[in-house]
$ cat query.pdb   # PDB, C-alpha atoms and all ligand atoms
ATOM      1  CA  MET A 237      -3.740 -72.125  29.996  1.00  0.00           C
ATOM      2  CA  GLY A 238      -5.698 -71.955  26.730  1.00  0.00           C
ATOM      3  CA  GLY A 239      -3.796 -71.395  23.487  1.00  0.00           C
ATOM      4  CA  ILE A 240      -5.263 -67.986  22.714  1.00  0.00           C
ATOM      5  CA  LYS A 241      -4.664 -66.672  26.242  1.00  0.00           C
ATOM      6  CA  LEU A 242      -1.044 -67.793  26.192  1.00  0.00           C
ATOM      7  CA  ARG A 243      -0.513 -66.248  22.766  1.00  0.00           C
ATOM      8  CA  ASN A 244      -2.038 -63.002  24.094  1.00  0.00           C
ATOM      9  CA  LEU A 245       0.343 -62.982  27.034  1.00  0.00           C
ATOM     10  CA  LEU A 246       3.288 -63.514  24.762  1.00  0.00           C
ATOM     11  CA  GLY A 247       2.018 -60.799  22.449  1.00  0.00           C
ATOM     12  CA  LEU A 248       1.729 -63.242  19.543  1.00  0.00           C
ATOM     13  CA  PRO A 249      -0.905 -62.930  16.805  1.00  0.00           C
ATOM     14  CA  VAL A 250      -4.094 -64.780  17.743  1.00  0.00           C
ATOM     15  CA  ASN A 251      -5.968 -65.131  14.491  1.00  0.00           C
ATOM     16  CA  HIS A 252      -5.540 -65.231  10.751  1.00  0.00           C
ATOM     17  CA  ARG A 253      -6.502 -61.564  10.279  1.00  0.00           C
ATOM     18  CA  GLU A 254      -3.651 -60.565  12.538  1.00  0.00           C
ATOM     19  CA  THR A 255      -1.160 -62.857  10.825  1.00  0.00           C
ATOM     20  CA  GLN A 256      -1.958 -61.579   7.331  1.00  0.00           C
ATOM     21  CA  HIS A 257       0.609 -58.796   7.605  1.00  0.00           C
ATOM     22  CA  LEU A 258       3.362 -61.316   8.438  1.00  0.00           C
ATOM     23  CA  GLN A 259       3.060 -62.888   5.030  1.00  0.00           C
ATOM     24  CA  LYS A 260       3.878 -59.548   3.437  1.00  0.00           C
ATOM     25  CA  ILE A 261       7.111 -59.039   5.356  1.00  0.00           C
ATOM     26  CA  ARG A 262      10.134 -58.772   3.063  1.00  0.00           C
ATOM     27  CA  PRO A 263      13.444 -60.315   4.128  1.00  0.00           C
ATOM     28  CA  ALA A 264      15.526 -57.996   6.287  1.00  0.00           C
ATOM     29  CA  TRP A 265      18.447 -57.876   3.843  1.00  0.00           C
ATOM     30  CA  GLU A 266      16.125 -56.505   1.168  1.00  0.00           C
ATOM     31  CA  ILE A 267      14.863 -53.544   3.217  1.00  0.00           C
ATOM     32  CA  GLU A 268      17.886 -52.772   5.387  1.00  0.00           C
ATOM     33  CA  VAL A 269      19.229 -50.056   3.105  1.00  0.00           C
ATOM     34  CA  GLU A 270      15.853 -48.367   2.772  1.00  0.00           C
ATOM     35  CA  VAL A 271      15.206 -48.333   6.514  1.00  0.00           C
ATOM     36  CA  LEU A 272      18.674 -47.023   7.393  1.00  0.00           C
ATOM     37  CA  GLU A 273      18.401 -44.434   4.646  1.00  0.00           C
ATOM     38  CA  ALA A 274      14.981 -43.325   5.895  1.00  0.00           C
ATOM     39  CA  ILE A 275      16.287 -43.017   9.467  1.00  0.00           C
ATOM     40  CA  LYS A 276      19.231 -40.919   8.312  1.00  0.00           C
ATOM     41  CA  THR A 277      17.396 -38.654   5.876  1.00  0.00           C
ATOM     42  CA  ARG A 278      14.310 -37.896   8.015  1.00  0.00           C
ATOM     43  CA  ARG A 279      14.339 -34.266   9.145  1.00  0.00           C
ATOM     44  CA  SER A 280      12.070 -32.003  11.179  1.00  0.00           C
ATOM     45  CA  ILE A 281       9.950 -30.183   8.625  1.00  0.00           C
ATOM     46  CA  ARG A 282       8.371 -26.918   9.734  1.00  0.00           C
ATOM     47  CA  ARG A 283       7.344 -25.426   6.391  1.00  0.00           C
ATOM     48  CA  PHE A 284       4.656 -27.124   4.355  1.00  0.00           C
ATOM     49  CA  LYS A 285       2.945 -26.890   0.977  1.00  0.00           C
ATOM     50  CA  LYS A 286      -0.780 -26.203   1.105  1.00  0.00           C
ATOM     51  CA  GLU A 287      -1.628 -29.557  -0.561  1.00  0.00           C
ATOM     52  CA  PRO A 288      -3.758 -31.696   1.754  1.00  0.00           C
ATOM     53  CA  VAL A 289      -2.724 -35.192   2.810  1.00  0.00           C
ATOM     54  CA  ALA A 290      -5.019 -37.819   1.257  1.00  0.00           C
ATOM     55  CA  PRO A 291      -7.008 -40.071   3.623  1.00  0.00           C
ATOM     56  CA  ASP A 292      -5.236 -43.238   2.420  1.00  0.00           C
ATOM     57  CA  LEU A 293      -1.883 -41.710   3.366  1.00  0.00           C
ATOM     58  CA  ILE A 294      -3.255 -40.614   6.743  1.00  0.00           C
ATOM     59  CA  GLU A 295      -4.331 -44.203   7.299  1.00  0.00           C
ATOM     60  CA  LYS A 296      -0.806 -45.432   6.487  1.00  0.00           C
ATOM     61  CA  LEU A 297       0.624 -43.048   9.082  1.00  0.00           C
ATOM     62  CA  LEU A 298      -1.819 -44.318  11.690  1.00  0.00           C
ATOM     63  CA  GLU A 299      -0.943 -47.898  10.757  1.00  0.00           C
ATOM     64  CA  ALA A 300       2.727 -47.112  11.406  1.00  0.00           C
ATOM     65  CA  GLY A 301       1.812 -45.802  14.849  1.00  0.00           C
ATOM     66  CA  ARG A 302      -0.306 -48.853  15.572  1.00  0.00           C
ATOM     67  CA  TRP A 303       2.606 -51.196  14.833  1.00  0.00           C
ATOM     68  CA  ALA A 304       5.084 -49.405  17.091  1.00  0.00           C
ATOM     69  CA  PRO A 305       6.495 -51.455  19.959  1.00  0.00           C
ATOM     70  CA  SER A 306       5.120 -50.828  23.460  1.00  0.00           C
ATOM     71  CA  SER A 307       5.941 -52.031  26.949  1.00  0.00           C
ATOM     72  CA  ALA A 308       4.415 -55.519  27.435  1.00  0.00           C
ATOM     73  CA  ASN A 309       2.541 -54.874  24.177  1.00  0.00           C
ATOM     74  CA  THR A 310       0.120 -52.627  26.082  1.00  0.00           C
ATOM     75  CA  GLN A 311      -0.526 -50.492  22.967  1.00  0.00           C
ATOM     76  CA  PRO A 312      -1.663 -47.638  25.216  1.00  0.00           C
ATOM     77  CA  TRP A 313      -1.852 -44.955  22.532  1.00  0.00           C
ATOM     78  CA  GLU A 314      -4.682 -43.138  20.857  1.00  0.00           C
ATOM     79  CA  PHE A 315      -4.319 -40.821  17.875  1.00  0.00           C
ATOM     80  CA  ILE A 316      -6.308 -37.689  17.097  1.00  0.00           C
ATOM     81  CA  VAL A 317      -6.310 -36.724  13.415  1.00  0.00           C
ATOM     82  CA  ILE A 318      -6.649 -32.954  13.071  1.00  0.00           C
ATOM     83  CA  THR A 319      -7.322 -31.192   9.765  1.00  0.00           C
ATOM     84  CA  ASP A 320      -9.824 -28.506  10.839  1.00  0.00           C
ATOM     85  CA  PRO A 321      -8.079 -25.122  10.251  1.00  0.00           C
ATOM     86  CA  GLU A 322      -9.863 -23.523  13.202  1.00  0.00           C
ATOM     87  CA  ILE A 323      -8.708 -26.220  15.651  1.00  0.00           C
ATOM     88  CA  LYS A 324      -5.152 -26.096  14.239  1.00  0.00           C
ATOM     89  CA  LYS A 325      -5.113 -22.313  14.667  1.00  0.00           C
ATOM     90  CA  ARG A 326      -6.281 -22.555  18.266  1.00  0.00           C
ATOM     91  CA  ILE A 327      -3.719 -25.233  19.126  1.00  0.00           C
ATOM     92  CA  SER A 328      -0.822 -23.449  17.419  1.00  0.00           C
ATOM     93  CA  ARG A 329      -1.564 -20.318  19.467  1.00  0.00           C
ATOM     94  CA  SER A 330      -1.097 -22.429  22.617  1.00  0.00           C
ATOM     95  CA  PHE A 331       2.392 -23.566  21.649  1.00  0.00           C
ATOM     96  CA  ASN A 332       5.628 -21.754  22.426  1.00  0.00           C
ATOM     97  CA  PHE A 333       7.551 -23.896  19.973  1.00  0.00           C
ATOM     98  CA  GLY A 334       5.052 -24.847  17.291  1.00  0.00           C
ATOM     99  CA  PRO A 335       3.420 -21.847  15.630  1.00  0.00           C
ATOM    100  CA  PHE A 336       4.025 -23.565  12.254  1.00  0.00           C
ATOM    101  CA  LEU A 337       1.344 -26.139  13.076  1.00  0.00           C
ATOM    102  CA  ASN A 338      -1.088 -23.613  11.696  1.00  0.00           C
ATOM    103  CA  GLU A 339       0.485 -24.012   8.229  1.00  0.00           C
ATOM    104  CA  ALA A 340       0.489 -27.820   8.258  1.00  0.00           C
ATOM    105  CA  PRO A 341      -2.462 -29.413   6.455  1.00  0.00           C
ATOM    106  CA  LEU A 342      -2.483 -32.266   8.968  1.00  0.00           C
ATOM    107  CA  ALA A 343      -1.685 -32.812  12.620  1.00  0.00           C
ATOM    108  CA  ILE A 344      -1.729 -36.038  14.588  1.00  0.00           C
ATOM    109  CA  ALA A 345      -1.860 -35.860  18.366  1.00  0.00           C
ATOM    110  CA  VAL A 346      -0.361 -38.869  20.136  1.00  0.00           C
ATOM    111  CA  VAL A 347      -2.150 -39.541  23.406  1.00  0.00           C
ATOM    112  CA  VAL A 348      -1.369 -42.279  25.924  1.00  0.00           C
ATOM    113  CA  ASP A 349      -3.755 -43.856  28.408  1.00  0.00           C
ATOM    114  CA  ARG A 350      -1.959 -43.747  31.772  1.00  0.00           C
ATOM    115  CA  PHE A 351      -4.053 -46.684  33.040  1.00  0.00           C
ATOM    116  CA  ARG A 352      -2.755 -48.975  30.317  1.00  0.00           C
ATOM    117  CA  THR A 353       0.981 -48.453  30.786  1.00  0.00           C
ATOM    118  CA  ALA A 354       3.586 -47.621  33.399  1.00  0.00           C
ATOM    119  CA  LEU A 355       5.792 -46.117  30.687  1.00  0.00           C
ATOM    120  CA  PRO A 356       3.602 -43.554  28.873  1.00  0.00           C
ATOM    121  CA  VAL A 357       6.417 -41.352  27.577  1.00  0.00           C
ATOM    122  CA  GLN A 358       8.429 -44.238  26.159  1.00  0.00           C
ATOM    123  CA  ASP A 359       5.413 -45.927  24.568  1.00  0.00           C
ATOM    124  CA  GLY A 360       4.010 -42.704  23.148  1.00  0.00           C
ATOM    125  CA  SER A 361       7.355 -41.510  21.831  1.00  0.00           C
ATOM    126  CA  LEU A 362       7.951 -44.723  19.913  1.00  0.00           C
ATOM    127  CA  ALA A 363       4.530 -44.495  18.252  1.00  0.00           C
ATOM    128  CA  ALA A 364       5.201 -40.856  17.366  1.00  0.00           C
ATOM    129  CA  TYR A 365       8.603 -41.727  15.880  1.00  0.00           C
ATOM    130  CA  ALA A 366       7.041 -44.532  13.824  1.00  0.00           C
ATOM    131  CA  ILE A 367       4.532 -42.037  12.379  1.00  0.00           C
ATOM    132  CA  TRP A 368       7.280 -39.467  11.791  1.00  0.00           C
ATOM    133  CA  LEU A 369       9.451 -41.986   9.929  1.00  0.00           C
ATOM    134  CA  ALA A 370       6.489 -43.322   7.947  1.00  0.00           C
ATOM    135  CA  ALA A 371       5.631 -39.759   6.913  1.00  0.00           C
ATOM    136  CA  HIS A 372       9.153 -39.343   5.551  1.00  0.00           C
ATOM    137  CA  SER A 373       8.974 -42.643   3.682  1.00  0.00           C
ATOM    138  CA  LEU A 374       5.723 -41.496   2.022  1.00  0.00           C
ATOM    139  CA  GLY A 375       7.271 -38.232   0.803  1.00  0.00           C
ATOM    140  CA  LEU A 376       5.683 -36.199   3.598  1.00  0.00           C
ATOM    141  CA  GLY A 377       7.467 -34.148   6.226  1.00  0.00           C
ATOM    142  CA  ALA A 378       6.682 -33.859   9.908  1.00  0.00           C
ATOM    143  CA  CYS A 379       7.824 -32.190  13.072  1.00  0.00           C
ATOM    144  CA  TRP A 380       7.331 -33.148  16.696  1.00  0.00           C
ATOM    145  CA  ILE A 381       5.825 -30.317  18.707  1.00  0.00           C
ATOM    146  CA  ASN A 382       6.237 -30.482  22.421  1.00  0.00           C
ATOM    147  CA  PRO A 383       3.036 -29.686  24.311  1.00  0.00           C
ATOM    148  CA  ASN A 384       4.769 -27.351  26.755  1.00  0.00           C
ATOM    149  CA  ILE A 385       1.448 -25.965  27.975  1.00  0.00           C
ATOM    150  CA  PRO A 386      -0.461 -29.237  27.817  1.00  0.00           C
ATOM    151  CA  GLY A 387      -3.471 -28.109  29.862  1.00  0.00           C
ATOM    152  CA  GLY A 388      -4.787 -25.697  27.249  1.00  0.00           C
ATOM    153  CA  ILE A 389      -4.207 -27.984  24.292  1.00  0.00           C
ATOM    154  CA  LYS A 390      -5.738 -30.981  26.041  1.00  0.00           C
ATOM    155  CA  LYS A 391      -8.841 -28.890  26.650  1.00  0.00           C
ATOM    156  CA  ILE A 392      -9.095 -27.806  23.002  1.00  0.00           C
ATOM    157  CA  LEU A 393      -8.781 -31.435  21.886  1.00  0.00           C
ATOM    158  CA  GLY A 394     -11.097 -32.785  24.605  1.00  0.00           C
ATOM    159  CA  ILE A 395      -8.418 -35.127  25.997  1.00  0.00           C
ATOM    160  CA  PRO A 396      -9.448 -36.524  29.405  1.00  0.00           C
ATOM    161  CA  LEU A 397      -7.221 -35.897  32.449  1.00  0.00           C
ATOM    162  CA  THR A 398      -6.340 -39.612  32.684  1.00  0.00           C
ATOM    163  CA  LYS A 399      -4.597 -39.450  29.317  1.00  0.00           C
ATOM    164  CA  LYS A 400      -1.205 -37.967  28.568  1.00  0.00           C
ATOM    165  CA  LEU A 401      -0.609 -35.856  25.486  1.00  0.00           C
ATOM    166  CA  ILE A 402       2.853 -36.895  24.270  1.00  0.00           C
ATOM    167  CA  THR A 403       3.196 -34.748  21.168  1.00  0.00           C
ATOM    168  CA  ILE A 404       1.375 -33.224  18.278  1.00  0.00           C
ATOM    169  CA  LEU A 405       3.029 -34.002  14.956  1.00  0.00           C
ATOM    170  CA  ALA A 406       2.644 -31.327  12.298  1.00  0.00           C
ATOM    171  CA  ILE A 407       2.527 -33.115   8.936  1.00  0.00           C
ATOM    172  CA  GLY A 408       2.371 -32.142   5.265  1.00  0.00           C
ATOM    173  CA  TYR A 409       4.316 -32.040   2.020  1.00  0.00           C
ATOM    174  CA  PRO A 410       7.701 -30.411   2.744  1.00  0.00           C
ATOM    175  CA  ALA A 411       8.349 -26.872   1.537  1.00  0.00           C
ATOM    176  CA  GLU A 412      11.913 -26.908   2.894  1.00  0.00           C
ATOM    177  CA  ALA A 413      14.874 -29.295   2.963  1.00  0.00           C
ATOM    178  CA  PRO A 414      16.811 -28.535   6.151  1.00  0.00           C
ATOM    179  CA  LEU A 415      20.204 -30.072   6.861  1.00  0.00           C
ATOM    180  CA  LYS A 416      21.233 -31.346  10.268  1.00  0.00           C
ATOM    181  CA  THR A 417      24.421 -32.731  11.706  1.00  0.00           C
ATOM    182  CA  ARG A 418      24.933 -35.288  14.429  1.00  0.00           C
ATOM    183  CA  ARG A 419      27.612 -35.778  17.063  1.00  0.00           C
ATOM    184  CA  ASN A 420      30.311 -38.247  16.037  1.00  0.00           C
ATOM    185  CA  LEU A 421      29.976 -41.842  17.158  1.00  0.00           C
ATOM    186  CA  SER A 422      33.462 -41.483  18.660  1.00  0.00           C
ATOM    187  CA  ASP A 423      31.897 -39.047  21.172  1.00  0.00           C
ATOM    188  CA  LEU A 424      28.925 -41.252  21.996  1.00  0.00           C
ATOM    189  CA  VAL A 425      30.039 -44.846  22.146  1.00  0.00           C
ATOM    190  CA  TYR A 426      31.867 -46.819  24.815  1.00  0.00           C
ATOM    191  CA  PHE A 427      32.666 -50.515  24.912  1.00  0.00           C
ATOM    192  CA  GLU A 428      31.802 -52.792  27.813  1.00  0.00           C
ATOM    193  CA  LYS A 429      31.984 -49.927  30.362  1.00  0.00           C
ATOM    194  CA  HIS A 430      31.137 -46.253  30.325  1.00  0.00           C
ATOM    195  CA  GLY A 431      34.306 -44.308  29.537  1.00  0.00           C
ATOM    196  CA  ASN A 432      36.128 -47.103  27.672  1.00  0.00           C
ATOM    197  CA  LYS A 433      36.615 -46.163  24.037  1.00  0.00           C
ATOM    198  CA  LYS A 434      38.751 -49.162  23.054  1.00  0.00           C
ATOM    199  CA  GLY A 435      36.765 -51.811  21.176  1.00  0.00           C
ATOM    200  CA  PRO A 436      36.322 -53.639  17.886  1.00  0.00           C
ATOM    201  CA  ILE A 437      35.267 -50.508  15.991  1.00  0.00           C
ATOM    202  CA  THR A 438      37.394 -47.425  15.428  1.00  0.00           C
ATOM    203  CA  PHE A 439      35.124 -44.512  14.625  1.00  0.00           C
ATOM    204  CA  LYS A 440      36.140 -41.540  12.499  1.00  0.00           C
ATOM    205  CA  GLU A 441      36.602 -38.342  14.552  1.00  0.00           C
TER     206      GLU A 441
HETATM  207  C1  LIG B   1      11.186 -34.790  22.283  1.00  0.00           C
HETATM  208  C2  LIG B   1      11.287 -33.781  21.156  1.00  0.00           C
HETATM  209  C3  LIG B   1      10.700 -32.544  21.307  1.00  0.00           C
HETATM  210  C4  LIG B   1      10.743 -31.642  20.239  1.00  0.00           C
HETATM  211  N1  LIG B   1      10.056 -30.454  20.367  1.00  0.00           N
HETATM  212  C5  LIG B   1      10.019 -29.613  19.315  1.00  0.00           C
HETATM  213  C6  LIG B   1       9.199 -28.443  19.379  1.00  0.00           C
HETATM  214  O1  LIG B   1       8.472 -28.194  20.331  1.00  0.00           O
HETATM  215  N2  LIG B   1       9.223 -27.596  18.306  1.00  0.00           N
HETATM  216  C7  LIG B   1      10.011 -27.848  17.199  1.00  0.00           C
HETATM  217  O2  LIG B   1      10.001 -27.032  16.266  1.00  0.00           O
HETATM  218  N3  LIG B   1      10.777 -28.967  17.108  1.00  0.00           N
HETATM  219  C8  LIG B   1      10.788 -29.858  18.122  1.00  0.00           C
HETATM  220  N4  LIG B   1      11.519 -31.021  18.029  1.00  0.00           N
HETATM  221  C9  LIG B   1      12.345 -31.299  16.825  1.00  0.00           C
HETATM  222  C10 LIG B   1      13.846 -31.175  17.127  1.00  0.00           C
HETATM  223  O3  LIG B   1      14.195 -29.812  17.230  1.00  0.00           O
HETATM  224  C11 LIG B   1      14.635 -31.879  16.018  1.00  0.00           C
HETATM  225  O4  LIG B   1      14.317 -33.247  16.023  1.00  0.00           O
HETATM  226  C12 LIG B   1      16.152 -31.723  16.184  1.00  0.00           C
HETATM  227  O5  LIG B   1      16.544 -30.384  15.995  1.00  0.00           O
HETATM  228  C13 LIG B   1      16.931 -32.583  15.171  1.00  0.00           C
HETATM  229  O6  LIG B   1      16.576 -32.210  13.840  1.00  0.00           O
HETATM  230  P1  LIG B   1      16.000 -33.284  12.813  1.00  0.00           P
HETATM  231  O7  LIG B   1      14.719 -33.835  13.403  1.00  0.00           O
HETATM  232  O8  LIG B   1      15.728 -32.500  11.552  1.00  0.00           O
HETATM  233  O9  LIG B   1      17.015 -34.342  12.618  1.00  0.00           O
HETATM  234  C14 LIG B   1      11.459 -31.948  19.055  1.00  0.00           C
HETATM  235  C15 LIG B   1      12.059 -33.204  18.928  1.00  0.00           C
HETATM  236  C16 LIG B   1      11.962 -34.122  19.955  1.00  0.00           C
HETATM  237  C17 LIG B   1      12.574 -35.501  19.759  1.00  0.00           C
END

$ encode --input "query.pdb" --output "structure tokens"
Amino acid sequence: MGGIKLRNLLGLPVNHRETQHLQKIRPAWEIEVEVLEAIKTRRSIRRFKKEPVAPDLIEKLLEAGRWAPSSANTQPWEFIVITDPEIKKRISRSFNFGPFLNEAPLAIAVVVDRFRTALPVQDGSLAAYAIWLAAHSLGLGACWINPNIPGGIKKILGIPLTKKLITILAIGYPAEAPLKTRRNLSDLVYFEKHGNKKGPITFKE
């Protein structure tokens, strides 16, 4: 098998342009704190300032989505960038749980091509989370909106039937700072077998 084909199968970079980003990677120890901090401090933001999101920031968000992991590196996602107030208004009216989309200066719809992957929800969700986290790291806020009536929204956005709408992320500069709690690790974690709480870590209750 030729070198490039094999590298494709393994999901490895095939040319210099693709390897450029690798040279910019910082050592893990240097970024660990920032990444963990970003994961812990990201919140769902549903109130936004009117300030628009600049195109270079939108591009960074899309880059984050593009570099999400996917099953067998299928990269089955497509992103629709939505800033048109009329389209946002029409979509937000179709949501039960996302009327605030109307107030967000930016929305990104995450769409997955069902012919490219057997795991559309998993692949699409990871791309959406990457965008969500990137938004937080850039000082933006975002919220996942579940397309509970996907038919109508897909029509508004012109999404073909063969593609699955995973979420629409409402994005903008935060106008709120909500707090959230999480269940304790002692409730969530077992060692070796489900139900066994005895292991090398003792979690705080
Ligand atoms: C799969 C999924 C669907 C969600 N759907 C909605 C939604 O339709 N509307 C909404 O306001 N928030 C939605 N959220 C946001 C959750 O309510 C939020 O993540 C959760 O309350 C935890 O808060 P946090 O994100 O601030 O940590 C969704 C989140 C996920 C992961």

$ residues_around --input "query.pdb" --residues "Leu393 in chain A" --least-positions-apart "6" --cutoff "12 Å" --atoms "all atoms listed in the file" --output "list in words"
Phe315, Ile316, Val317, Ile318, Asp320, Glu322, Ile323, Lys324, Arg326, Ile327, Ser330, Ala343, Ile344, Ala345, Val346, Val347, Pro386, Gly387, Lys399, Leu401 and Ile404 of chain A

$ closest_residue --input "query.pdb" --among "A:Gly435, A:Gly388, A:Pro335, A:Gly375" --to "Ala406 in chain A" --atoms "only C-alpha atoms"
A:Pro335

$ closest_residue --input "query.pdb" --among "A:Phe284, A:Phe336, A:Trp303, A:Trp313" --to "ligand LIG 1 (chain B)" --atoms "all atoms listed in the file"
A:Phe336

$ residues_around --input "query.pdb" --residues "range 353-363 of chain A" --least-positions-apart "3" --cutoff "12 Å" --atoms "all atoms listed in the file" --output "PyMOL selection string"
chain A and resi 297-315+344-350+366-370+380-382+398-405

$ resolve_selection --input "query.pdb" --expression "the PyMOL selection byres (((chain A and resi 285) around 9) and not hetatm)" --output "list in words"
Arg283, Phe284, Lys286, Glu287, Pro288, Glu339, Ala340, Pro341, Gly408, Tyr409, Pro410 and Ala411 of chain A

$ residues_near_ligand --input "query.pdb" --ligand "ligand LIG 1 (chain B)" --cutoff "9 Å" --atoms "only C-alpha atoms and all ligand atoms" --output "ChimeraX atom specification"
/A:276-282,331-336,361,365,378-384,402-404,414-418

$ atom_distance --input "query.pdb" --atom1 "CA of Thr319 in chain A" --atom2 "CA of Ala290 in chain A"
11.0 Å
